[in-house]
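With mmCIF, C-alpha atoms inside, this is target-v8.cif:
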data_structure
#
loop_
_atom_site.group_PDB
_atom_site.id
_atom_site.type_symbol
_atom_site.label_atom_id
_atom_site.label_comp_id
_atom_site.auth_asym_id
_atom_site.auth_seq_id
_atom_site.Cartn_x
_atom_site.Cartn_y
_atom_site.Cartn_z
ATOM 1 C CA MET A 707 -44.509 -14.106 -40.997
ATOM 2 C CA GLU A 708 -41.694 -11.552 -40.622
ATOM 3 C CA ASN A 709 -44.274 -8.800 -40.288
ATOM 4 C CA GLN A 710 -46.005 -10.739 -37.511
ATOM 5 C CA ASP A 711 -42.674 -11.156 -35.716
ATOM 6 C CA GLU A 712 -42.023 -7.452 -36.043
ATOM 7 C CA ILE A 713 -45.447 -6.622 -34.632
ATOM 8 C CA ILE A 714 -44.702 -8.832 -31.623
ATOM 9 C CA TYR A 715 -41.352 -7.064 -31.225
ATOM 10 C CA ILE A 716 -43.110 -3.684 -31.352
ATOM 11 C CA LYS A 717 -45.592 -4.748 -28.697
ATOM 12 C CA ARG A 718 -42.763 -5.886 -26.443
ATOM 13 C CA ILE A 719 -40.851 -2.642 -27.018
ATOM 14 C CA LEU A 720 -43.956 -0.657 -26.116
ATOM 15 C CA ASP A 721 -44.259 -2.745 -22.974
ATOM 16 C CA GLY A 722 -40.815 -1.581 -21.900
ATOM 17 C CA GLU A 723 -38.283 -3.905 -23.579
ATOM 18 C CA THR A 724 -36.446 -1.010 -25.230
ATOM 19 C CA ASN A 725 -33.338 -3.055 -26.047
ATOM 20 C CA LEU A 726 -35.363 -5.066 -28.608
ATOM 21 C CA PHE A 727 -35.510 -1.967 -30.796
ATOM 22 C CA SER A 728 -31.901 -2.709 -31.876
ATOM 23 C CA TYR A 729 -33.396 -5.413 -34.134
ATOM 24 C CA PHE A 730 -34.766 -2.742 -36.500
ATOM 25 C CA PRO A 731 -31.536 -0.784 -37.214
ATOM 26 C CA GLU A 732 -29.692 -4.093 -37.571
ATOM 27 C CA ARG A 733 -32.181 -5.169 -40.200
ATOM 28 C CA TYR A 734 -33.009 -1.941 -42.022
ATOM 29 C CA SER A 735 -30.226 0.616 -41.426
ATOM 30 C CA ARG A 736 -28.344 -0.232 -44.647
ATOM 31 C CA SER A 737 -31.331 0.060 -46.958
ATOM 32 C CA ILE A 738 -32.647 3.160 -45.183
ATOM 33 C CA HIS A 739 -29.202 4.770 -45.382
ATOM 34 C CA SER A 740 -28.952 3.845 -49.035
ATOM 35 C CA LEU A 741 -32.273 5.577 -49.773
ATOM 36 C CA ILE A 742 -31.387 8.696 -47.785
ATOM 37 C CA ALA A 743 -27.893 8.904 -49.257
ATOM 38 C CA ARG A 744 -29.490 8.915 -52.704
ATOM 39 C CA ILE A 745 -31.451 12.015 -51.698
ATOM 40 C CA ILE A 746 -28.814 13.644 -49.443
ATOM 41 C CA PRO A 747 -25.388 12.953 -50.932
ATOM 42 C CA LEU A 748 -23.325 14.340 -48.018
ATOM 43 C CA LYS A 749 -22.204 11.271 -46.017
ATOM 44 C CA GLU A 750 -22.414 12.802 -42.526
ATOM 45 C CA ASP A 751 -25.852 14.283 -43.199
ATOM 46 C CA ALA A 752 -27.155 11.027 -44.630
ATOM 47 C CA GLU A 753 -25.991 9.103 -41.566
ATOM 48 C CA GLU A 754 -27.467 11.687 -39.210
ATOM 49 C CA LEU A 755 -30.789 11.556 -41.040
ATOM 50 C CA THR A 756 -30.732 7.757 -40.892
ATOM 51 C CA GLN A 757 -30.411 8.040 -37.108
ATOM 52 C CA ASP A 758 -33.216 10.621 -37.062
ATOM 53 C CA THR A 759 -35.424 8.230 -39.042
ATOM 54 C CA PHE A 760 -35.023 5.458 -36.468
ATOM 55 C CA LEU A 761 -35.511 7.866 -33.576
ATOM 56 C CA LYS A 762 -38.716 9.192 -35.145
ATOM 57 C CA ALA A 763 -39.870 5.611 -35.677
ATOM 58 C CA PHE A 764 -39.150 4.823 -32.032
ATOM 59 C CA ARG A 765 -41.013 7.905 -30.809
ATOM 60 C CA LYS A 766 -44.025 7.141 -33.015
ATOM 61 C CA LEU A 767 -43.962 3.378 -32.497
ATOM 62 C CA ASP A 768 -47.297 3.442 -30.658
ATOM 63 C CA THR A 769 -48.937 4.972 -33.744
ATOM 64 C CA PHE A 770 -47.944 2.019 -35.964
ATOM 65 C CA LYS A 771 -51.209 0.137 -36.456
ATOM 66 C CA GLY A 772 -49.922 -2.618 -38.717
ATOM 67 C CA GLU A 773 -51.992 -1.419 -41.696
ATOM 68 C CA CYS A 774 -48.905 -1.696 -43.895
ATOM 69 C CA SER A 775 -45.669 -3.609 -43.362
ATOM 70 C CA PHE A 776 -43.249 -2.144 -40.847
ATOM 71 C CA SER A 777 -40.594 -1.682 -43.545
ATOM 72 C CA THR A 778 -43.004 0.381 -45.681
ATOM 73 C CA TRP A 779 -43.841 2.513 -42.646
ATOM 74 C CA LEU A 780 -40.140 2.970 -41.841
ATOM 75 C CA PHE A 781 -39.204 3.809 -45.441
ATOM 76 C CA ARG A 782 -42.012 6.387 -45.508
ATOM 77 C CA ILE A 783 -40.540 8.068 -42.424
ATOM 78 C CA ALA A 784 -37.072 7.971 -44.023
ATOM 79 C CA TYR A 785 -38.370 9.452 -47.265
ATOM 80 C CA ASN A 786 -40.249 12.252 -45.488
ATOM 81 C CA THR A 787 -37.242 13.003 -43.269
ATOM 82 C CA ALA A 788 -34.933 13.243 -46.271
ATOM 83 C CA ILE A 789 -37.419 15.333 -48.262
ATOM 84 C CA SER A 790 -37.768 17.771 -45.342
ATOM 85 C CA ALA A 791 -33.984 18.090 -45.231
ATOM 86 C CA THR A 792 -33.769 18.854 -48.961
ATOM 87 C CA ARG A 793 -36.355 21.639 -48.632
ATOM 88 C CA LYS A 794 -33.801 23.592 -46.611
ATOM 89 C CA ARG A 795 -31.448 23.750 -49.586
ATOM 90 C CA ARG A 796 -32.984 24.326 -52.966
ATOM 91 C CA ILE A 797 -31.216 22.702 -55.903
ATOM 92 C CA ILE A 798 -32.044 23.808 -59.428
ATOM 93 C CA LEU A 799 -32.357 20.856 -61.760
ATOM 94 C CA PRO A 800 -32.752 20.852 -65.527
ATOM 95 C CA ALA A 801 -36.382 20.935 -66.644
ATOM 96 C CA ILE A 802 -37.386 18.668 -69.518
ATOM 97 C CA ASP A 803 -40.237 19.364 -71.835
ATOM 98 C CA ASP A 804 -42.987 16.711 -71.762
ATOM 99 C CA ALA A 805 -43.154 16.740 -75.558
ATOM 100 C CA MET A 806 -39.502 15.763 -75.667
ATOM 101 C CA LEU A 807 -40.231 12.734 -73.496
ATOM 102 C CA GLU A 808 -43.211 11.777 -75.655
ATOM 103 C CA ARG A 809 -40.966 11.585 -78.693
ATOM 104 C CA VAL A 810 -38.779 8.896 -77.060
ATOM 105 C CA SER A 811 -40.107 5.427 -77.744
ATOM 106 C CA ASP A 812 -40.240 2.749 -75.029
ATOM 107 C CA GLU A 813 -38.510 0.268 -77.362
ATOM 108 C CA LEU A 814 -35.530 2.583 -77.764
ATOM 109 C CA VAL A 815 -35.236 3.060 -74.013
ATOM 110 C CA ASP A 816 -35.507 -0.712 -73.464
ATOM 111 C CA THR A 817 -32.650 -1.335 -75.886
ATOM 112 C CA VAL A 818 -30.387 1.338 -74.381
ATOM 113 C CA PHE A 819 -30.875 0.267 -70.770
ATOM 114 C CA GLU A 820 -30.624 -3.434 -71.458
ATOM 115 C CA ASP A 821 -26.925 -3.147 -72.242
ATOM 116 C CA ASP A 822 -24.731 -2.681 -69.170
ATOM 117 C CA GLU A 823 -21.343 -3.194 -70.841
ATOM 118 C CA ASP A 824 -20.791 0.205 -72.466
ATOM 119 C CA GLU A 825 -18.679 2.135 -69.914
ATOM 120 C CA ILE A 826 -19.121 5.558 -71.542
ATOM 121 C CA ARG A 827 -22.870 5.091 -71.619
ATOM 122 C CA LEU A 828 -22.823 4.025 -67.963
ATOM 123 C CA GLN A 829 -20.911 7.178 -67.015
ATOM 124 C CA LYS A 830 -23.484 9.261 -68.860
ATOM 125 C CA LEU A 831 -26.234 7.374 -67.094
ATOM 126 C CA GLU A 832 -24.678 8.028 -63.670
ATOM 127 C CA ALA A 833 -24.471 11.736 -64.500
ATOM 128 C CA ALA A 834 -28.098 11.654 -65.675
ATOM 129 C CA ILE A 835 -29.218 9.983 -62.431
ATOM 130 C CA ASN A 836 -27.620 12.841 -60.487
ATOM 131 C CA LYS A 837 -29.762 15.294 -62.447
ATOM 132 C CA LEU A 838 -33.026 13.626 -61.470
ATOM 133 C CA THR A 839 -35.298 15.158 -58.878
ATOM 134 C CA VAL A 840 -35.354 13.762 -55.352
ATOM 135 C CA GLU A 841 -38.666 12.006 -55.966
ATOM 136 C CA GLU A 842 -37.395 10.428 -59.184
ATOM 137 C CA LYS A 843 -34.173 9.231 -57.535
ATOM 138 C CA THR A 844 -36.194 7.729 -54.705
ATOM 139 C CA LEU A 845 -38.475 6.003 -57.148
ATOM 140 C CA ILE A 846 -35.701 4.284 -59.111
ATOM 141 C CA THR A 847 -33.749 3.447 -55.942
ATOM 142 C CA LEU A 848 -36.742 1.700 -54.430
ATOM 143 C CA PHE A 849 -37.581 -0.076 -57.660
ATOM 144 C CA TYR A 850 -34.150 -1.123 -58.930
ATOM 145 C CA THR A 851 -31.805 -1.181 -55.931
ATOM 146 C CA ASP A 852 -34.179 -2.166 -53.138
ATOM 147 C CA ASN A 853 -36.169 -4.350 -55.529
ATOM 148 C CA LYS A 854 -39.483 -3.269 -54.010
ATOM 149 C CA PRO A 855 -42.702 -4.166 -55.858
ATOM 150 C CA VAL A 856 -44.629 -1.307 -57.471
ATOM 151 C CA ALA A 857 -47.553 -1.780 -55.048
ATOM 152 C CA GLU A 858 -45.285 -1.306 -52.041
ATOM 153 C CA ILE A 859 -43.631 1.772 -53.586
ATOM 154 C CA ALA A 860 -47.093 3.193 -54.227
ATOM 155 C CA ASP A 861 -48.025 2.560 -50.606
ATOM 156 C CA LEU A 862 -44.806 4.143 -49.387
ATOM 157 C CA LEU A 863 -45.083 7.251 -51.550
ATOM 158 C CA GLU A 864 -48.844 7.447 -50.965
ATOM 159 C CA GLN A 865 -49.649 7.255 -54.673
ATOM 160 C CA THR A 866 -51.597 4.885 -56.857
ATOM 161 C CA THR A 867 -49.920 1.880 -58.456
ATOM 162 C CA ASP A 868 -50.709 3.209 -61.931
ATOM 163 C CA ASN A 869 -49.194 6.561 -61.083
ATOM 164 C CA VAL A 870 -45.986 4.897 -59.912
ATOM 165 C CA LYS A 871 -45.805 2.825 -63.107
ATOM 166 C CA VAL A 872 -46.311 5.909 -65.290
ATOM 167 C CA ARG A 873 -43.688 7.822 -63.344
ATOM 168 C CA LEU A 874 -41.196 4.970 -63.653
ATOM 169 C CA PHE A 875 -41.627 4.903 -67.421
ATOM 170 C CA ARG A 876 -41.222 8.681 -67.532
ATOM 171 C CA VAL A 877 -38.044 8.555 -65.437
ATOM 172 C CA ARG A 878 -36.513 6.039 -67.847
ATOM 173 C CA LYS A 879 -37.299 8.323 -70.761
ATOM 174 C CA LYS A 880 -35.975 11.316 -68.872
ATOM 175 C CA LEU A 881 -32.727 9.463 -68.154
ATOM 176 C CA TYR A 882 -32.400 8.702 -71.845
ATOM 177 C CA VAL A 883 -32.951 12.375 -72.750
ATOM 178 C CA LEU A 884 -30.513 13.580 -70.081
ATOM 179 C CA MET A 885 -27.883 11.107 -71.317
ATOM 180 C CA ASN A 886 -28.165 12.391 -74.829
ATOM 181 C CA ASN A 887 -28.172 16.101 -74.012
ATOM 182 C CA MET B 332 -39.429 -6.139 -72.128
ATOM 183 C CA THR B 333 -39.947 -5.157 -68.483
ATOM 184 C CA MET B 334 -38.322 -2.417 -66.497
ATOM 185 C CA LYS B 335 -36.624 -4.973 -64.251
ATOM 186 C CA GLN B 336 -34.360 -5.813 -67.188
ATOM 187 C CA ASP B 337 -32.860 -2.328 -67.203
ATOM 188 C CA LYS B 338 -29.472 -3.717 -66.310
ATOM 189 C CA ALA B 339 -27.701 -0.452 -67.128
ATOM 190 C CA ILE B 340 -29.782 1.566 -64.634
ATOM 191 C CA LEU B 341 -29.243 -1.051 -61.953
ATOM 192 C CA LYS B 342 -25.469 -1.075 -62.574
ATOM 193 C CA ALA B 343 -25.297 2.734 -62.563
ATOM 194 C CA LEU B 344 -27.235 2.895 -59.318
ATOM 195 C CA LYS B 345 -25.051 0.233 -57.711
ATOM 196 C CA SER B 346 -21.879 2.053 -58.745
ATOM 197 C CA GLN B 347 -23.216 5.059 -56.846
ATOM 198 C CA GLU B 348 -23.885 3.005 -53.727
ATOM 199 C CA SER B 349 -23.568 5.021 -50.569
ATOM 200 C CA PRO B 350 -20.589 4.427 -48.278
ATOM 201 C CA ALA B 351 -21.144 2.062 -45.375
ATOM 202 C CA LEU B 352 -22.494 3.352 -42.106
ATOM 203 C CA SER B 353 -19.949 3.968 -39.380
ATOM 204 C CA TYR B 354 -19.139 0.897 -37.286
ATOM 205 C CA ASP B 355 -20.750 2.303 -34.110
ATOM 206 C CA PHE B 356 -23.955 3.422 -35.842
ATOM 207 C CA ASN B 357 -26.222 1.000 -33.968
ATOM 208 C CA ALA B 358 -24.563 1.666 -30.601
ATOM 209 C CA ARG B 359 -24.917 5.444 -31.038
ATOM 210 C CA LEU B 360 -28.514 5.048 -32.151
ATOM 211 C CA MET B 361 -29.426 2.841 -29.197
ATOM 212 C CA SER B 362 -27.830 5.271 -26.752
ATOM 213 C CA ARG B 363 -30.003 8.030 -28.256
ATOM 214 C CA VAL B 364 -33.031 5.736 -27.949
ATOM 215 C CA TYR B 365 -32.289 5.203 -24.235
ATOM 216 C CA VAL B 366 -32.038 8.984 -23.776
ATOM 217 C CA VAL B 367 -35.490 9.317 -25.377
ATOM 218 C CA VAL B 368 -36.854 6.640 -23.023
ATOM 219 C CA GLU B 369 -35.393 8.435 -20.004
ATOM 220 C CA LYS B 370 -36.899 11.736 -21.150
ATOM 221 C CA LYS B 371 -40.270 10.045 -21.669
ATOM 222 C CA LYS B 372 -40.154 8.580 -18.156
ATOM 223 C CA LYS B 373 -39.170 11.933 -16.665
ATOM 224 C CA ARG B 374 -41.962 13.702 -18.566
ATOM 225 C CA ALA B 375 -44.534 11.139 -17.400
ATOM 226 C CA TYR B 376 -43.289 11.501 -13.805
ATOM 227 C CA ILE B 377 -43.531 15.314 -13.904
ATOM 228 C CA LEU B 378 -46.955 15.102 -15.531
ATOM 229 C CA SER B 379 -48.315 12.739 -12.895
ATOM 230 C CA LEU B 380 -46.783 14.906 -10.164
ATOM 231 C CA CYS B 381 -48.510 17.976 -11.613
ATOM 232 C CA LEU B 382 -51.788 16.094 -11.862
ATOM 233 C CA ILE B 383 -51.630 14.844 -8.283
ATOM 234 C CA SER B 384 -50.668 18.324 -7.045
ATOM 235 C CA THR B 385 -53.530 19.949 -8.948
ATOM 236 C CA VAL B 386 -56.076 17.424 -7.678
ATOM 237 C CA SER B 387 -54.775 17.740 -4.112
ATOM 238 C CA LEU B 388 -54.818 21.535 -4.276
ATOM 239 C CA GLY B 389 -58.331 21.409 -5.685
ATOM 240 C CA LEU B 390 -59.535 19.183 -2.892
ATOM 241 C CA ILE B 391 -57.838 21.334 -0.250
ATOM 242 C CA SER B 392 -59.371 24.475 -1.763
ATOM 243 C CA LEU B 393 -62.773 22.821 -1.861
ATOM 244 C CA ALA B 394 -62.435 21.712 1.725
ATOM 245 C CA GLY B 395 -61.332 25.224 2.726
ATOM 246 C CA TYR B 396 -64.240 26.793 0.895
ATOM 247 C CA LEU B 397 -66.741 24.420 2.446
ATOM 248 C CA LEU B 398 -65.289 24.872 5.897
ATOM 249 C CA LYS B 399 -65.218 28.661 5.565
ATOM 250 C CA ASP B 400 -68.625 29.298 4.063
ATOM 251 C CA HIS B 401 -70.780 26.310 4.803
ATOM 252 C CA LEU B 402 -69.453 24.572 7.863
ATOM 253 C CA VAL B 403 -68.995 26.223 11.208
ATOM 254 C CA LEU B 404 -66.925 24.388 13.745
ATOM 255 C CA ASP B 405 -67.469 25.422 17.297
ATOM 256 C CA PHE B 406 -64.965 24.059 19.808
ATOM 257 C CA THR B 407 -65.412 24.550 23.488
ATOM 258 C CA LEU B 408 -62.431 23.701 25.605
ATOM 259 C CA THR B 409 -62.901 23.358 29.272
ATOM 260 C CA LEU B 410 -60.093 22.502 31.643
ATOM 261 C CA PRO B 411 -59.334 20.255 33.389
ATOM 262 C CA ARG B 412 -61.934 18.236 31.591
ATOM 263 C CA MET B 413 -61.895 18.683 27.799
ATOM 264 C CA ASN B 414 -65.270 19.164 26.363
ATOM 265 C CA PHE B 415 -65.520 18.839 22.576
ATOM 266 C CA THR B 416 -68.759 19.773 20.872
ATOM 267 C CA ILE B 417 -69.647 20.453 17.290
ATOM 268 C CA GLY B 418 -72.440 22.765 18.078
ATOM 269 C CA SER B 419 -73.505 24.534 14.952
ATOM 270 C CA LEU B 420 -72.110 22.036 12.467
ATOM 271 C CA SER B 421 -75.049 20.916 10.465
ATOM 272 C CA LYS B 422 -75.048 17.212 9.781
ATOM 273 C CA TYR B 423 -76.667 17.998 6.476
ATOM 274 C CA SER B 424 -73.779 20.187 5.184
ATOM 275 C CA PHE B 425 -71.186 17.725 6.365
ATOM 276 C CA SER B 426 -72.945 14.891 4.502
ATOM 277 C CA ILE B 427 -72.983 16.986 1.314
ATOM 278 C CA TYR B 428 -69.265 17.641 1.675
ATOM 279 C CA ILE B 429 -68.523 13.931 2.062
ATOM 280 C CA ALA B 430 -70.807 13.116 -0.889
ATOM 281 C CA VAL B 431 -69.085 15.679 -3.139
ATOM 282 C CA LEU B 432 -65.683 14.375 -2.115
ATOM 283 C CA THR B 433 -66.780 10.819 -2.856
ATOM 284 C CA PHE B 434 -68.155 11.812 -6.268
ATOM 285 C CA ILE B 435 -64.929 13.591 -7.190
ATOM 286 C CA LEU B 436 -62.843 10.573 -6.216
ATOM 287 C CA ILE B 437 -65.165 8.174 -8.060
ATOM 288 C CA GLY B 438 -65.049 10.493 -11.096
ATOM 289 C CA LEU B 439 -61.243 10.609 -11.064
ATOM 290 C CA ASP B 440 -61.083 6.835 -10.657
ATOM 291 C CA THR B 441 -63.428 6.306 -13.633
ATOM 292 C CA TYR B 442 -61.486 8.805 -15.761
ATOM 293 C CA PHE B 443 -58.065 7.241 -15.095
ATOM 294 C CA ARG B 444 -59.484 3.738 -15.470
ATOM 295 C CA HIS B 445 -60.895 4.775 -18.876
ATOM 296 C CA ILE B 446 -57.513 6.169 -19.994
ATOM 297 C CA PHE B 447 -55.701 3.040 -18.774
ATOM 298 C CA ILE B 448 -58.113 0.678 -20.591
ATOM 299 C CA LYS B 449 -57.932 2.777 -23.778
ATOM 300 C CA ARG B 450 -54.125 2.688 -23.758
ATOM 301 C CA LYS B 451 -54.120 -1.042 -23.089
ATOM 302 C CA ASN B 452 -56.572 -1.648 -25.968
ATOM 303 C CA ASN B 453 -54.445 0.475 -28.324
ATOM 304 C CA LYS B 454 -51.395 -1.634 -27.551
ATOM 305 C CA SER B 455 -53.174 -4.965 -27.849
ATOM 306 C CA GLY B 456 -54.849 -3.718 -31.053
ATOM 307 C CA LEU B 457 -51.483 -4.065 -32.788
ATOM 308 C CA LEU B 458 -51.726 -7.811 -32.633
ATOM 309 C CA ASN B 459 -55.117 -7.935 -34.346
#

Represent the structure of the file as structure tokens.
Amino acid sequence: MENQDEIIYIKRILDGETNLFSYFPERYSRSIHSLIARIIPLKEDAEELTQDTFLKAFRKLDTFKGECSFSTWLFRIAYNTAISATRKRRIILPAIDDAMLERVSDELVDTVFEDDEDEIRLQKLEAAINKLTVEEKTLITLFYTDNKPVAEIADLLEQTTDNVKVRLFRVRKKLYVLMNN
Amino acid sequence: MTMKQDKAILKALKSQESPALSYDFNARLMSRVYVVVEKKKKRAYILSLCLISTVSLGLISLAGYLLKDHLVLDFTLTLPRMNFTIGSLSKYSFSIYIAVLTFILIGLDTYFRHIFIKRKNNKSGLLN
């Protein structure tokens, strides 16, 4: 229903009712900013890129065909905008051997991440999150913070659902390894 | 156990929540949007102006060419009584000129009509 309303809004905006576009930043600016800030930590840059995301969406509004939900389309623009910005400054992140990840069992990871009371462990986890790649940070932000279903994340990142699931499991293991190194 | 129960990851992510957007974020964004709209309108205006100028120039050139090479106008002016004759102007050439002009205008009309309908269909296609 919401998607239908948004499509009607888009049609009206394209017909000249530009002021209706304010509905979209009012609804999505916080979550878009949250995603971009996860990728681009500098506050001013993140805000600027959030504005750029909405401007790009406005410019390309006539290309939105309604094949996916408007929010997925908007998040995809935000993700691509943020990724393009990170390409300008290369950050070297610790590489983790695949074999090391294989040795970590899912049960162990489940147990560690189930407990949210241990402050020292949480600090380690925050530090580990900062060492993740941009794609990995995006993935866990969309899944945990934005509470998006795997299918929608897959659509947004233009990957298969299975691939997203596998990557999510790998990120959890990687976080565990980073916490313990 | 499902990943959604990773309470520690969720808490860690929430503790790193980004600061709020500045209070005038939406106002600044909308003012930029209006600038984009103005630019779009200006671009469309310039484009249509260029198109009209090109078509007009083309038609003028065509008329000039036809008048110079294919049509000969012969005016005879006699005072006090003005006598206007189109002596050597062939009715045949003049008809071709009018026909070509008509075809060009019909062609342009069809072309712009096609673009207009296509754009209208694209917009209405969003609702389907």

Problem set entry | Output of the PyMOL selection byres ((chain B and resi 432) around 12), listed as a VMD selection string | chain B and resid 386 to 387 389 to 394 397 425 to 431 433 to 439

For region 740-858 of chain A versus region 442-454 of chain B, which residues have an atom no more than 10 Å away, and what is each residue's nearest atom pair and distance in Å rounded to one decimal, using only C-alpha atoms, chain-then-number order, as a tab-separated table?
residue	atom	partner	partner_atom	distance
A:Asp768	CA	B:Lys454	CA	7.2
A:Thr769	CA	B:Asn453	CA	8.9
A:Phe770	CA	B:Lys454	CA	9.8
A:Lys771	CA	B:Asn453	CA	8.8

For this session: May I have the residues of chain A within 6 Å of chain B, counting only C-alpha atoms, written as a list in words?
Result: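 Putting it all together, I get Ser740, Ala743, Lys771, Phe819, Glu820, Asp821, Asp822, Glu832 and Tyr850 of chain A.
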
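Evaluating the PyMOL selection byres ((chain A and resi 781) around 9) against the shown model yields Ser737, Ile738, Leu741, Thr759, Phe776, Ser777, Thr778, Trp779, Leu780, Arg782, Ile783, Ala784, Tyr785, Asn786 and Leu862 of chain A.
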
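Closest approach to Asp751 (chain A) from the set A:Ala788, A:Gly772, A:Thr724, A:Leu881 is made by A:Ala788, with distances taken over all atoms listed in the file.
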
For this session: Give as a PyMOL selection string the residues that the PyMOL selection byres ((chain A and resi 846) around 12) matches when applied to the coordinates above.
Result: (chain A and resi 741+744-745+835-836+838-845+847-856+859+870-871+873-878+881) or (chain B and resi 334-335+337+340-341+343-345)

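Atom to atom, CA of Ile789 (chain A) and CA of Leu755 (chain A) stand 10.5 Å apart.
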